[in-house]
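Just model35.cif here, mmCIF, C-alpha atoms and all ligand atoms:
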data_data
#
loop_
_atom_site.label_atom_id
_atom_site.label_comp_id
_atom_site.auth_asym_id
_atom_site.auth_seq_id
_atom_site.Cartn_x
_atom_site.Cartn_y
_atom_site.Cartn_z
CA MET A 18 153.60 60.23 64.35
CA ASN A 19 150.04 59.93 65.58
CA THR A 20 148.10 62.91 64.18
CA ARG A 21 144.68 61.67 65.32
CA ALA A 22 142.84 64.37 67.27
CA PRO A 23 141.89 63.00 70.68
CA GLN A 24 138.16 62.94 71.42
CA GLY A 25 138.36 64.82 74.68
CA MET A 26 137.12 67.92 76.43
CA ALA A 27 137.70 71.18 74.56
CA PHE A 28 139.40 73.94 76.53
CA LEU A 29 140.94 77.36 76.06
CA LYS A 30 143.50 79.19 78.14
CA GLY A 31 143.18 82.89 78.86
CA HIS A 32 144.21 85.59 81.28
CA GLY A 33 143.34 89.06 82.53
CA THR A 34 146.43 90.91 83.84
CA GLU A 35 147.99 87.45 84.24
CA ASN A 36 145.23 86.08 86.43
CA ASP A 37 144.92 82.94 84.32
CA PHE A 38 142.09 80.55 83.64
CA VAL A 39 141.25 77.31 81.93
CA ILE A 40 138.00 77.94 80.04
CA VAL A 41 135.71 74.95 79.54
CA PRO A 42 132.92 75.54 77.02
CA ASP A 43 129.90 73.51 78.14
CA PRO A 44 126.83 75.29 76.70
CA ASP A 45 124.36 72.56 77.66
CA GLY A 46 125.78 71.94 81.13
CA ARG A 47 126.73 68.32 80.43
CA ILE A 48 130.25 68.26 81.88
CA GLU A 49 130.64 67.05 85.46
CA LEU A 50 133.65 68.98 86.83
CA SER A 51 134.55 67.52 90.21
CA PRO A 52 136.78 69.56 92.56
CA ALA A 53 139.54 67.00 91.90
CA ALA A 54 139.22 67.49 88.10
CA VAL A 55 139.42 71.28 88.54
CA ALA A 56 142.53 70.95 90.72
CA ARG A 57 144.08 68.66 88.08
CA LEU A 58 143.37 71.12 85.28
CA CYS A 59 144.87 73.98 87.32
CA ASP A 60 147.99 72.04 88.30
CA ARG A 61 150.92 73.96 86.77
CA ARG A 62 153.12 70.89 86.41
CA ALA A 63 150.82 67.94 85.78
CA GLY A 64 147.90 69.81 84.18
CA ILE A 65 147.24 72.88 82.03
CA GLY A 66 147.93 75.29 84.89
CA ALA A 67 145.72 78.17 86.00
CA ASP A 68 144.43 80.20 88.94
CA GLY A 69 140.93 78.94 88.25
CA VAL A 70 138.45 77.39 85.83
CA LEU A 71 135.67 79.19 83.97
CA ARG A 72 132.98 76.77 82.81
CA VAL A 73 130.82 78.44 80.17
CA VAL A 74 127.23 77.25 80.54
CA ARG A 75 123.97 78.60 79.17
CA SER A 76 122.17 80.10 82.19
CA ALA A 77 119.01 78.19 81.29
CA ALA A 78 120.97 74.93 81.60
CA HIS A 79 122.30 75.57 85.12
CA PRO A 80 120.14 75.36 88.25
CA GLU A 81 122.04 78.23 89.96
CA ALA A 82 121.53 80.54 86.98
CA ALA A 83 118.20 79.62 85.38
CA ALA A 84 116.44 82.53 87.13
CA MET A 85 118.88 84.96 85.44
CA ALA A 86 118.50 83.44 81.95
CA ALA A 87 116.10 86.12 80.67
CA GLU A 88 118.69 88.83 81.36
CA ALA A 89 121.97 86.98 80.88
CA GLU A 90 122.23 84.11 78.42
CA TRP A 91 125.59 82.82 79.78
CA PHE A 92 126.57 81.68 83.28
CA MET A 93 130.16 81.81 84.56
CA ASP A 94 130.63 78.69 86.69
CA TYR A 95 133.83 79.81 88.44
CA ARG A 96 136.11 77.46 90.42
CA ASN A 97 139.31 78.22 92.31
CA ALA A 98 142.48 76.25 91.59
CA ASP A 99 141.87 73.94 94.57
CA GLY A 100 138.43 73.04 93.18
CA SER A 101 136.45 75.23 95.58
CA ILE A 102 133.61 77.38 94.31
CA ALA A 103 133.66 81.19 94.48
CA GLU A 104 130.84 83.63 93.99
CA MET A 105 132.60 86.01 91.64
CA CYS A 106 135.80 86.60 89.71
CA GLY A 107 136.42 90.07 88.27
CA ASN A 108 139.21 89.13 85.85
CA GLY A 109 137.46 85.86 85.09
CA VAL A 110 134.25 87.55 83.98
CA ARG A 111 136.21 89.76 81.56
CA VAL A 112 138.07 86.75 80.11
CA PHE A 113 134.72 84.93 79.96
CA ALA A 114 133.29 87.77 77.82
CA ARG A 115 136.38 87.62 75.57
CA TYR A 116 135.78 83.90 75.05
CA LEU A 117 132.11 84.54 74.13
CA GLN A 118 133.25 87.17 71.62
CA ARG A 119 135.93 84.94 70.11
CA ALA A 120 133.48 82.05 69.79
CA GLY A 121 131.09 84.33 67.91
CA LEU A 122 128.46 84.00 70.63
CA VAL A 123 128.37 87.76 71.28
CA GLY A 124 129.65 90.87 69.48
CA GLU A 125 131.36 94.04 70.71
CA GLY A 126 129.35 96.16 73.16
CA ASP A 127 127.39 95.17 76.25
CA VAL A 128 127.42 91.55 77.40
CA PRO A 129 125.65 90.61 80.65
CA VAL A 130 127.05 87.53 82.41
CA ALA A 131 125.30 85.56 85.16
CA THR A 132 127.50 84.74 88.16
CA ARG A 133 126.84 83.33 91.63
CA ALA A 134 126.96 86.93 92.89
CA GLY A 135 124.28 88.01 90.39
CA ILE A 136 124.47 89.51 86.92
CA ARG A 137 127.62 91.43 85.98
CA ARG A 138 127.49 93.66 82.89
CA THR A 139 130.64 93.54 80.79
CA HIS A 140 131.42 95.85 77.89
CA ILE A 141 133.68 94.80 75.03
CA ALA A 142 135.33 97.86 73.48
CA LYS A 143 135.85 98.09 69.72
CA ALA A 144 139.05 96.57 68.35
CA SER A 145 141.65 99.11 67.23
CA PRO A 146 142.24 99.54 63.46
CA ASP A 147 145.25 97.16 63.60
CA GLY A 148 142.93 94.45 64.96
CA THR A 149 144.06 94.58 68.61
CA PRO A 150 141.00 93.60 70.65
CA GLY A 151 139.55 96.36 72.81
CA ASP A 152 139.77 96.16 76.61
CA ILE A 153 136.86 94.68 78.51
CA THR A 154 135.24 96.62 81.34
CA VAL A 155 132.78 95.24 83.84
CA ASP A 156 130.24 96.87 86.10
CA MET A 157 131.09 95.13 89.36
CA GLY A 158 128.10 96.58 91.22
CA PRO A 159 128.49 98.29 94.59
CA ALA A 160 130.81 97.06 97.34
CA ALA A 161 129.53 96.05 100.78
CA LEU A 162 131.61 97.26 103.73
CA PRO A 163 130.76 95.14 106.77
CA GLU A 164 131.36 96.97 110.06
CA GLY A 165 133.96 95.78 112.54
CA ALA A 166 137.71 95.87 112.88
CA VAL A 167 139.69 93.17 111.08
CA THR A 168 143.34 92.24 111.48
CA VAL A 169 145.64 90.51 109.00
CA THR A 170 148.67 88.65 110.39
CA ILE A 171 151.79 87.12 108.89
CA GLY A 172 154.17 85.60 111.42
CA GLU A 173 154.91 88.21 114.09
CA ARG A 174 153.50 91.10 112.07
CA SER A 175 149.89 92.38 112.05
CA TRP A 176 148.06 95.13 110.17
CA PRO A 177 144.59 96.62 110.62
CA ALA A 178 142.49 95.74 107.56
CA ARG A 179 139.22 96.72 105.92
CA ASN A 180 136.51 94.14 105.30
CA VAL A 181 135.18 94.65 101.75
CA ASN A 182 132.76 92.37 99.94
CA MET A 183 132.68 92.49 96.14
CA GLY A 184 130.31 89.53 95.86
CA ASN A 185 133.23 87.58 97.39
CA PRO A 186 135.13 88.42 100.59
CA HIS A 187 138.29 90.50 100.93
CA ALA A 188 140.52 91.77 103.75
CA VAL A 189 142.49 94.83 102.59
CA ALA A 190 145.61 95.83 104.53
CA PHE A 191 147.67 98.96 103.76
CA VAL A 192 151.36 98.24 104.32
CA ASP A 193 154.61 100.24 104.03
CA ASP A 194 156.17 97.88 101.51
CA LEU A 195 154.70 94.97 99.52
CA ALA A 196 157.74 92.88 100.49
CA GLN A 197 156.39 92.86 104.07
CA ALA A 198 153.91 90.21 102.93
CA GLY A 199 156.88 87.84 102.48
CA ALA A 200 156.66 84.78 100.23
CA LEU A 201 152.87 84.48 100.69
CA LEU A 202 153.08 80.70 100.37
CA ASP A 203 150.45 80.27 103.07
CA ALA A 204 147.21 82.10 103.63
CA PRO A 205 147.72 85.09 105.98
CA GLY A 206 145.90 84.90 109.30
CA VAL A 207 142.72 86.99 109.47
CA SER A 208 140.81 87.75 112.65
CA PRO A 209 138.17 87.66 113.91
CA ALA A 210 137.43 84.45 112.01
CA ALA A 211 133.71 85.18 112.39
CA ALA A 212 134.11 88.12 109.98
CA TYR A 213 134.82 85.62 107.22
CA PRO A 214 132.80 82.44 107.76
CA ASP A 215 133.75 81.15 104.26
CA GLY A 216 137.40 82.25 104.33
CA THR A 217 138.73 85.28 102.48
CA ASN A 218 141.03 86.74 99.89
CA VAL A 219 143.70 89.03 101.39
CA GLU A 220 145.21 92.10 99.70
CA PHE A 221 148.35 94.02 100.71
CA VAL A 222 148.43 97.58 99.36
CA VAL A 223 150.92 100.43 98.99
CA ASP A 224 150.52 103.90 97.52
CA ARG A 225 152.19 104.70 94.23
CA GLY A 226 150.94 108.28 93.79
CA PRO A 227 147.71 110.30 93.81
CA ARG A 228 144.77 107.92 93.12
CA HIS A 229 147.31 105.22 92.30
CA VAL A 230 147.99 102.10 94.38
CA ALA A 231 149.70 98.73 93.95
CA LEU A 232 148.80 95.39 95.50
CA ARG A 233 149.74 91.81 96.13
CA VAL A 234 147.01 89.30 96.77
CA HIS A 235 146.63 85.90 98.38
CA GLU A 236 143.49 84.39 96.88
CA ARG A 237 141.24 82.03 98.77
CA GLY A 238 141.51 78.65 97.03
CA SER A 239 144.35 79.67 94.68
CA GLY A 240 147.25 81.14 96.70
CA GLU A 241 149.21 84.19 95.57
CA THR A 242 148.15 85.21 92.06
CA ARG A 243 149.41 87.86 89.62
CA SER A 244 146.11 89.73 89.78
CA CYS A 245 142.64 89.64 91.27
CA GLY A 246 139.87 91.79 89.81
CA THR A 247 137.52 91.69 92.77
CA GLY A 248 140.58 92.24 94.99
CA ALA A 249 141.63 95.31 92.99
CA CYS A 250 138.10 96.72 93.37
CA ALA A 251 138.11 95.99 97.12
CA VAL A 252 141.46 97.78 97.42
CA MET A 253 140.17 100.75 95.43
CA VAL A 254 137.06 101.02 97.61
CA ALA A 255 139.19 100.91 100.78
CA ALA A 256 141.60 103.54 99.37
CA VAL A 257 138.72 105.82 98.35
CA ARG A 258 137.32 105.75 101.91
CA ARG A 259 140.75 106.27 103.45
CA ASP A 260 141.36 109.22 101.10
CA GLY A 261 138.00 110.87 101.86
CA ALA A 262 136.96 110.57 98.19
CA ASP A 263 133.71 108.57 98.59
CA PRO A 264 131.59 109.65 95.56
CA ALA A 265 128.39 109.33 97.61
CA VAL A 266 129.80 112.09 99.86
CA THR A 267 131.71 114.27 97.34
CA GLY A 268 129.08 113.97 94.58
CA ARG A 269 131.87 113.18 92.10
CA PRO A 270 132.93 109.85 90.56
CA VAL A 271 136.53 108.90 91.26
CA THR A 272 139.03 106.81 89.27
CA TYR A 273 142.05 104.93 90.65
CA THR A 274 144.84 103.10 88.87
CA VAL A 275 145.53 99.77 90.56
CA ASP A 276 148.80 98.06 89.68
CA VAL A 277 148.93 94.31 90.16
CA PRO A 278 152.00 92.10 89.65
CA GLY A 279 150.59 91.09 86.23
CA GLY A 280 149.59 94.50 84.89
CA ARG A 281 147.26 97.42 85.52
CA LEU A 282 143.53 97.81 86.15
CA VAL A 283 141.63 101.09 86.02
CA ILE A 284 138.71 101.34 88.41
CA THR A 285 136.02 103.99 88.78
CA GLU A 286 133.46 104.37 91.55
CA ARG A 287 130.34 106.31 90.59
CA THR A 288 128.07 108.41 92.78
CA ASP A 289 125.52 105.56 92.95
CA GLY A 290 128.27 103.33 94.43
CA SER A 291 128.67 101.13 91.35
CA ILE A 292 132.22 100.20 90.44
CA GLU A 293 133.55 99.79 86.93
CA MET A 294 136.81 97.96 86.26
CA GLY A 295 138.66 97.84 82.95
CA GLY A 296 141.76 96.10 81.63
CA PRO A 297 143.02 93.57 79.13
CA ALA A 298 141.47 90.13 78.64
CA VAL A 299 143.32 87.70 76.41
CA ILE A 300 142.79 84.21 75.00
CA VAL A 301 146.18 82.56 74.49
CA ALA A 302 145.50 78.98 73.38
CA GLU A 303 142.92 76.36 72.74
CA GLY A 304 143.05 72.62 72.62
CA VAL A 305 141.61 69.31 73.72
CA ILE A 306 142.17 67.57 77.04
CA ASP A 307 143.31 63.97 76.64
CA PRO A 308 140.36 61.85 77.81
CA GLU A 309 142.65 59.20 79.36
CA TRP A 310 144.35 61.84 81.52
CA LEU A 311 141.04 63.39 82.50
CA ARG A 312 139.62 60.00 83.53
CA ALA A 313 142.70 59.00 85.56
N1 LIG B 401 140.80 86.11 90.72
C1 LIG B 401 139.46 86.49 90.96
C2 LIG B 401 138.82 86.08 92.24
C3 LIG B 401 138.62 84.56 92.24
C4 LIG B 401 137.82 84.07 93.43
C5 LIG B 401 138.56 84.18 94.73
N2 LIG B 401 139.74 83.39 94.80
C6 LIG B 401 137.58 83.77 95.85
O1 LIG B 401 137.63 82.63 96.33
O2 LIG B 401 136.75 84.60 96.22
C7 LIG B 401 139.16 87.91 90.53
O3 LIG B 401 139.74 88.35 89.53
O4 LIG B 401 138.29 88.55 91.11
#
If you took the structure in this file and wrote it as structure tokens, what would it be?
Amino acid sequence: MNTRAPQGMAFLKGHGTENDFVIVPDPDGRIELSPAAVARLCDRRAGIGADGVLRVVRSAAHPEAAAMAAEAEWFMDYRNADGSIAEMCGNGVRVFARYLQRAGLVGEGDVPVATRAGIRRTHIAKASPDGTPGDITVDMGPAALPEGAVTVTIGERSWPARNVNMGNPHAVAFVDDLAQAGALLDAPGVSPAAAYPDGTNVEFVVDRGPRHVALRVHERGSGETRSCGTGACAVMVAAVRRDGADPAVTGRPVTYTVDVPGGRLVITERTDGSIEMGGPAVIVAEGVIDPEWLRA
């Protein structure tokens, strides 16, 4: 048996409510990750398998993040499973913080992370006495709600949707039943196309009870996933407006439970419009990518 450790690229695998990621530690920004390499890593049969890749780079070592280095030491270089770049990933940033904690690069408490959508402040809660790691919350900042009607279409069926930007784009459609979204193998149609010049993530939402909704999501660049943090926040923001509970109007913060196929996220909107999302963030494995495979 060959027990020699391959000299390859270190990686970890993690997830937040089953939105899963390959984590590539690259503190000095030396690893060239082409879109094809990302797609290979995310391939669930021929690769490690994931919804996206989180490259962990010191902000000072990355041209897109150097200006944020004084406030956030680490930059989340996020890529979708097809290799495309996205501005923000709400579950990803929480898993990113868990990785930093596990690697001993940060402790419990507040951990700012630089992203392409700006700095996001995560908070790592204390572990419980039995050692179970505490949940990780993130201040997602305020949502933007571009004006204009949007429609989501699957086959013959269409729904009015809300355009919500959480640093990345979302179209949120309330439906009668999540099964109406069908197999979600292809991206739903969204119109007008001009509302989303860079494409969009699409969420289908149903009510589960007071301040409690459930969603399915088709992610831009990744297909249907088991969870989407920015998507859950977009859904919450749309539900809050639909329910007449906007904290800027009522003067009271509001909390919603958002069920996703892979678990549950708890999301609060404050009176200043900032949105905090909390839930589990787990590292499940670590290893080394075979250099031959990576080069192929
Ligand atoms: N899963 C993410 C969102 C990842 C990016 C998205 N697919 C996009 O292209 O905008 C999340 O948890 O927010």
Taking 4 positions as the minimum chain separation for residues in the same chain, which residues sit within 8 Å of range 198-202 of chain A when counting all atoms listed in the file? Answer as a short mmCIF file (atom, residue, chain, number, x, y, z; two decimals) with C-alpha atoms, keeping the file's coordinate frame.
data_model
loop_
_atom_site.label_atom_id
_atom_site.label_comp_id
_atom_site.auth_asym_id
_atom_site.auth_seq_id
_atom_site.Cartn_x
_atom_site.Cartn_y
_atom_site.Cartn_z
CA ILE A 171 151.79 87.12 108.89
CA PHE A 221 148.35 94.02 100.71
CA HIS A 235 146.63 85.90 98.38
CA GLY A 240 147.25 81.14 96.70
CA GLU A 241 149.21 84.19 95.57
#
**OP:** For Asn182 in chain A, please output as a PyMOL selection string all residues within 6 Å (counting only C-alpha atoms; exclusion window: fewer than 2 positions along the same chain).
**Re:** chain A and resi 160-161+184-187
**OP:** Show which residues sit within 6 Å of range 99-114 of chain A, as a VMD selection string. Count only C-alpha atoms, and ignore same-chain residues fewer than 5 positions away.
**Re:** chain A and resid 33 52 55 to 56 133 to 134 153 184 to 185 238 246 to 247 298
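Using all atoms listed in the file, the contacts of Gly66 in chain A at a cut-off of 10 Å, with sequence neighbours closer than 2 positions omitted, comprise Lys30, Asp37, Phe38, Val39, Ala56, Arg57, Leu58, Cys59, Asp60, Arg61, Arg62, Ala63, Gly64, Asp68, Gly69, Val70 and Ala98 of chain A.
For the pair CA of Val223 in chain A and CA of Val192 in chain A, the separation is 5.8 Å.
Counting from CA of Glu220 in chain A, the distance to CA of Val271 in chain A is 20.7 Å.
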Original post:
Could you name the residues that touch Gly165 in chain A at 10 Å or less, counting only C-alpha atoms, but leaving out those on the same chain fewer than 5 positions away, as a list in words?
Top reply: Ala178, Arg179, Asn180, Pro209 and Ala212 of chain A
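We find CA of Pro278 in chain A and atom N1 of ligand LIG 401 (chain B) to be spaced 12.7 Å apart.
Residues with at least one atom no more than 7 Å from (151.2, 98.3, 93.2), using only C-alpha atoms, are A:Val222, A:Val223, A:Arg225, A:Val230, A:Ala231, A:Leu232, A:Val275, A:Asp276, A:Val277.
Minimum distance to ligand LIG 401 (chain B) across A:Met253, A:Ala262, A:Met183, A:Val301 (counting only C-alpha atoms and all ligand atoms) occurs at A:Met183.
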Original post:
Using only C-alpha atoms and all ligand atoms, which of the listed residues (A:Thr154, A:Ser76, A:Thr242, A:Thr272) sits closest to ligand LIG 401 (chain B)?
Top reply: A:Thr242
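Nearest to ligand LIG 401 (chain B) of all the residues A:Glu35, A:Asp263, A:Glu125, A:Glu236 is A:Glu236, counting only C-alpha atoms and all ligand atoms.
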**OP:** Just give me the residues with any atom within 9 Å of (143.2, 70.6, 74.4), file coordinates, counting all atoms listed in the file, written as a ChimeraX atom specification.
**Re:** /A:23,25-29,65,302-307
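Closest to Val167 in chain A among A:Asp224, A:Ala144, A:Arg137, A:Val219 is A:Val219, based on all atoms listed in the file.
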Original post:
With only C-alpha atoms as the atoms that count, which of A:Ile141, A:Ala204, A:Val128, A:Val181 lies nearest to Ala256 in chain A?
Top reply: A:Val181
**OP:** Choose the residue, out of A:Ala210, A:Ile300, A:Ala196, A:Cys245, that has the smallest atom-to-atom separation from ligand LIG 401 (chain B); count all atoms listed in the file.
**Re:** A:Cys245
